[in-house]
Every structure is written in C-alpha cells, then in structure tokens.
Amino acid sequence: MEIRWLEDFIALARTRNFSRAADDRNVTQPTLSRRIKLVEEEMGVTLIDRNTLPLSLTAAGEVFLASAEQISRIHHDAKSRCKDILEQQSNRLTFAATQSLCLGFWKSWLMPLAGDLDVDMVHNLKSTTWMGADFVEALSNNECDLVLCYWHPTIDFLQPLADERFEHILVCQEQLVPVTALDDDGKPLYQLPGSKRHPVPFIGYHDNAFLKPVIRSFLQRREPAPHLLTMNENVNSVSAKAMVKEGFGLGWLPTTLLEDNFRYNRLDFAADQSWNIPVEIRLYRSRLNQNQQLQKLWPHLQRTLPLEKVSLAVGDDHKVSVNS
C-alpha cells in the first residue's frame, strides 16, 4: 500500500465527496475512486459507505482513518527530518587525509580552525585506509571537499590534480628521514648505507602509497647506492613506524611523526641529513565545488598558510626542521 493512497483516503474522509477529494489531491475522480477501492481490497473490508449523502465512514473506516492519519504524520515528519539532514550534509565539508596526516594535522590544526570560523567539517575516517589514487578519485567525484596529502614531483597518481579544475595550498614543508630502533646499549640498530654482504633490513611502502615513489626515486639517484633488504611494505607511515620501532628494519618516516620518539630515545637516525628527503604537504580542493562552507574557509587558509617552521632538536648532532 502506498502512502499516497492513505492520503487519498484522508482527503475523502475530510470532504466526504469523491469529486472534491480528487480536486484536493490533484487527480481525476476515477483515479481516486480506484485507489480507495485498492485500499479496501488490501484491508479486506469496506471503509466507505457509498449509500449515504454525504458519504460516511464505516466502523472499520473510522479505525482505519485514525491509523492512516498517524502513518501520514510519521511519514511527513520523517521526510522533513531527512530533508534537514540532507541540507546539513550539503553544507558540511568532508575532509580526507592519510592516517599519518590525520594524526598530525586534523585535531591539532584543521578541526580547531574550522570551529573558530564556525565551519561545519567532518573527517572521513575511511580515508585513512585509502590508497593514493583513491584521494584523487574522491576529490574528482565530489566525494570529499578537501584532501590533505604529501606531494612530490615523482608521485605520478597526483598528476590529475595539476589540472585547472583543482587548486592547492602549501600547508608546510616536510622531510622524510631514515630512522631506526635502538639496541640494548641505546645505539642505532641499523645504519645506512649497508653493504652487499650485509644489506640493511628495510621497512618500505606499498606501491600505491604516497611515499613509495618518493623514496624509490631518491634511492635510485643516491651515491653511494644503499644496500637494502625489504622486510615489509605498508600503506601508511604509522604502520611503517610501528615496524621500525619493533626493530624489524629502518625506514623513512615524516618528521611530524617522530618528535616524541626522539624525545624519549625510542628511535634514532640511521644516517646523516644527506639522506633526508624533502616533500610538501598540500591541501587540495576542486574549483568547481561551490559549497558555501568551503568558500568561507578557503580564503582564510590562503591567508594563513603555509604553517611556520619550528626546529626539533635531536641529540647533540642532529636537528630536523619540522612544521607546526
């Protein structure tokens, strides 16, 4: 039974006239009569006493009317609430980022900033498990409004975002640094460059991860060439960091993930600063996106970015530039 049939019945019960009820419902009288008949067939009883003038409801019709009105109210209330939710969602911004960038920038920077500007924004937690190309596809298909990601000229799958349909803001400069766990004496467990006879265990990244092509390109051009034995590959830096901390190998990690680990002597550098790899962290949006909240937030970001640099001191001999 369709909701409109119930509302046809309610109109007929109110007007007690097929012609006037049909006008109220903006249908022909034969159509209304046929629908009322279908309702009666569905219920298995006569609801309208057609032998009286004006028409009247049978006892079953009175019971059915009360239920029909209740169902109609619930339907309209639910429809109104769903419409409100749709309007809220259409104005809400959806933010997508890798797991490491989410941990480093969402709660400490972007979420508070959006709150200060009274911008309604949510983080799509599913994006923390996306492959690199998934971010490009999501932004292209309007499945998210903002994408925060690493950028380097070797990341081929980001090339579509160079199209004029998209624009970006530099959030900060970042470095990937080779780090290792410590041995029982507090010394670096692994050191670059290794040798053919004793290659260094290496914790790398999945082929579809942002940092895989960056590190691969760097190592191919590096002299002397390092000798690495890949032990594990990960989609995100957080997983790679966990493997490095457990001593399974060295790995290149973003400095934004390392501050506490250096401070509490959990990790150390596996080489000097000549092995560091510079990358950018960029925030992308589609120029075609006319979300009012985005139009409000984006100009503020353009004025306030990039984030200022600070220095993270590590031991006596190292200092790494980090952004906050």
# chains A, B, ... in the order shown; residues from 1 in each chain; ligands from 1
>>> select_by_dssp(residues="segment 43-169 of chain A", states="alpha helix (DSSP H)", output="MDAnalysis selection string")
chainID A and resid 43 59:91 99:101 111:116 132:140
>>> residues_around(residues="Arg285 of chain A", least_positions_apart="4", cutoff="9 Å", atoms="only C-alpha atoms", output="PyMOL selection string")
chain A and resi 139+144-147+161+165-169+289+294+298
>>> write_last_selection(atoms="N, CA, C and O atoms", output="PDB file, in the first residue's frame")
ATOM      1  N   LEU A 139      38.129  13.286  -4.719  1.00  0.00           N
ATOM      2  CA  LEU A 139      38.030  14.721  -4.954  1.00  0.00           C
ATOM      3  C   LEU A 139      37.410  15.007  -6.317  1.00  0.00           C
ATOM      4  O   LEU A 139      36.601  15.932  -6.467  1.00  0.00           O
ATOM      5  N   CYS A 144      34.526  14.115  -1.464  1.00  0.00           N
ATOM      6  CA  CYS A 144      35.102  14.865  -0.353  1.00  0.00           C
ATOM      7  C   CYS A 144      35.389  16.273  -0.857  1.00  0.00           C
ATOM      8  O   CYS A 144      35.460  16.514  -2.070  1.00  0.00           O
ATOM      9  N   ASP A 145      35.541  17.202   0.062  1.00  0.00           N
ATOM     10  CA  ASP A 145      35.742  18.605  -0.304  1.00  0.00           C
ATOM     11  C   ASP A 145      37.202  19.028  -0.213  1.00  0.00           C
ATOM     12  O   ASP A 145      37.639  19.903  -0.961  1.00  0.00           O
ATOM     13  N   LEU A 146      37.936  18.426   0.725  1.00  0.00           N
ATOM     14  CA  LEU A 146      39.327  18.781   0.937  1.00  0.00           C
ATOM     15  C   LEU A 146      40.172  17.517   1.056  1.00  0.00           C
ATOM     16  O   LEU A 146      39.755  16.564   1.725  1.00  0.00           O
ATOM     17  N   VAL A 147      41.321  17.516   0.440  1.00  0.00           N
ATOM     18  CA  VAL A 147      42.261  16.398   0.547  1.00  0.00           C
ATOM     19  C   VAL A 147      43.602  16.944   1.018  1.00  0.00           C
ATOM     20  O   VAL A 147      44.163  17.852   0.394  1.00  0.00           O
ATOM     21  N   LEU A 161      45.547  16.150 -10.413  1.00  0.00           N
ATOM     22  CA  LEU A 161      45.245  17.324  -9.595  1.00  0.00           C
ATOM     23  C   LEU A 161      45.982  18.570 -10.080  1.00  0.00           C
ATOM     24  O   LEU A 161      45.737  19.672  -9.576  1.00  0.00           O
ATOM     25  N   ARG A 165      41.066  22.372 -12.999  1.00  0.00           N
ATOM     26  CA  ARG A 165      39.850  22.186 -12.195  1.00  0.00           C
ATOM     27  C   ARG A 165      40.151  22.167 -10.701  1.00  0.00           C
ATOM     28  O   ARG A 165      39.250  22.312  -9.883  1.00  0.00           O
ATOM     29  N   PHE A 166      41.413  21.981 -10.343  1.00  0.00           N
ATOM     30  CA  PHE A 166      41.786  21.866  -8.943  1.00  0.00           C
ATOM     31  C   PHE A 166      42.790  22.956  -8.570  1.00  0.00           C
ATOM     32  O   PHE A 166      43.477  23.511  -9.418  1.00  0.00           O
ATOM     33  N   GLU A 167      42.840  23.245  -7.294  1.00  0.00           N
ATOM     34  CA  GLU A 167      43.869  24.137  -6.783  1.00  0.00           C
ATOM     35  C   GLU A 167      44.321  23.641  -5.415  1.00  0.00           C
ATOM     36  O   GLU A 167      43.618  22.864  -4.761  1.00  0.00           O
ATOM     37  N   HIS A 168      45.498  24.095  -5.011  1.00  0.00           N
ATOM     38  CA  HIS A 168      46.039  23.630  -3.742  1.00  0.00           C
ATOM     39  C   HIS A 168      46.683  24.780  -2.988  1.00  0.00           C
ATOM     40  O   HIS A 168      46.964  25.846  -3.554  1.00  0.00           O
ATOM     41  N   ILE A 169      46.888  24.546  -1.711  1.00  0.00           N
ATOM     42  CA  ILE A 169      47.630  25.463  -0.847  1.00  0.00           C
ATOM     43  C   ILE A 169      48.737  24.650  -0.184  1.00  0.00           C
ATOM     44  O   ILE A 169      48.497  23.527   0.280  1.00  0.00           O
ATOM     45  N   ASN A 289      33.737  23.156  -6.879  1.00  0.00           N
ATOM     46  CA  ASN A 289      32.961  22.934  -5.659  1.00  0.00           C
ATOM     47  C   ASN A 289      32.462  24.273  -5.125  1.00  0.00           C
ATOM     48  O   ASN A 289      33.243  25.132  -4.727  1.00  0.00           O
ATOM     49  N   LEU A 294      33.043  25.850   2.181  1.00  0.00           N
ATOM     50  CA  LEU A 294      34.363  25.836   1.562  1.00  0.00           C
ATOM     51  C   LEU A 294      34.763  27.234   1.087  1.00  0.00           C
ATOM     52  O   LEU A 294      35.919  27.642   1.228  1.00  0.00           O
ATOM     53  N   TRP A 298      38.335  28.538   2.574  1.00  0.00           N
ATOM     54  CA  TRP A 298      39.487  28.547   1.680  1.00  0.00           C
ATOM     55  C   TRP A 298      40.250  29.877   1.675  1.00  0.00           C
ATOM     56  O   TRP A 298      41.495  29.880   1.768  1.00  0.00           O
TER      57      TRP A 298
END
>>> residues_around(residues="Ala181 of chain A", least_positions_apart="6", cutoff="9 Å", atoms="only C-alpha atoms", output="ChimeraX atom specification")
/A:187-190,244-250,266-270
>>> write_last_selection(atoms="C-alpha atoms", output="tab-separated table (two decimals), in the first residue's frame")
chain	number	residue	atom	x	y	z
A	187	LYS	CA	72.83	2.78	19.90
A	188	PRO	CA	71.18	2.80	16.44
A	189	LEU	CA	70.27	-0.75	15.49
A	190	TYR	CA	70.83	-0.15	11.75
A	244	VAL	CA	60.66	0.30	12.74
A	245	LYS	CA	60.09	0.72	16.49
A	246	GLU	CA	59.97	-3.05	16.89
A	247	GLY	CA	63.41	-3.32	15.30
A	248	PHE	CA	62.42	-5.06	12.07
A	249	GLY	CA	64.37	-2.58	9.96
A	250	LEU	CA	65.00	1.08	9.23
A	266	ARG	CA	62.85	5.35	21.25
A	267	LEU	CA	64.26	5.97	17.77
A	268	ASP	CA	67.38	7.50	16.26
A	269	PHE	CA	68.67	8.47	12.85
A	270	ALA	CA	70.02	5.73	10.60
>>> select_by_dssp(residues="segment 79-277 of chain A", states="strand (DSSP E)", output="PyMOL selection string")
chain A and resi 93-97+121-123+146-151+166-181+200-205+228-234+251-254+267-269+277
>>> atom_distance(atom1="atom CA of Pro226 of chain A", atom2="atom CA of Val214 of chain A")
15.4 Å
>>> residues_around(residues="Ala240 of chain A", least_positions_apart="4", cutoff="10 Å", atoms="only C-alpha atoms", output="list in words")
Phe202, Ile203, Gly204, Tyr205, Asn232, Glu233, Asn234, Val235, Asn236, Val244, Lys245, Phe248, Gly249, Leu250, Gly251, Trp252 and Leu253 of chain A
>>> residues_around(residues="Thr94 of chain A", least_positions_apart="5", cutoff="12 Å", atoms="only C-alpha atoms", output="PyMOL selection string")
chain A and resi 88-89+106+110-111+114+119-127+138-139+142-148+285+289+291+293-294
>>> residues_around(residues="Ile277 of chain A", least_positions_apart="2", cutoff="7 Å", atoms="only C-alpha atoms", output="count of residues only")
5
>>> residues_around(residues="Ser274 of chain A", least_positions_apart="5", cutoff="12 Å", atoms="only C-alpha atoms", output="list in words")
Gln175, Leu176, Val177, Pro178, Leu192, Pro193, Phe218, Leu219, Arg222, Glu223, Pro224, Phe269, His318 and Val320 of chain A
>>> atom_distance(atom1="atom CA of Leu101 of chain A", atom2="atom CA of Thr230 of chain A")
24.3 Å
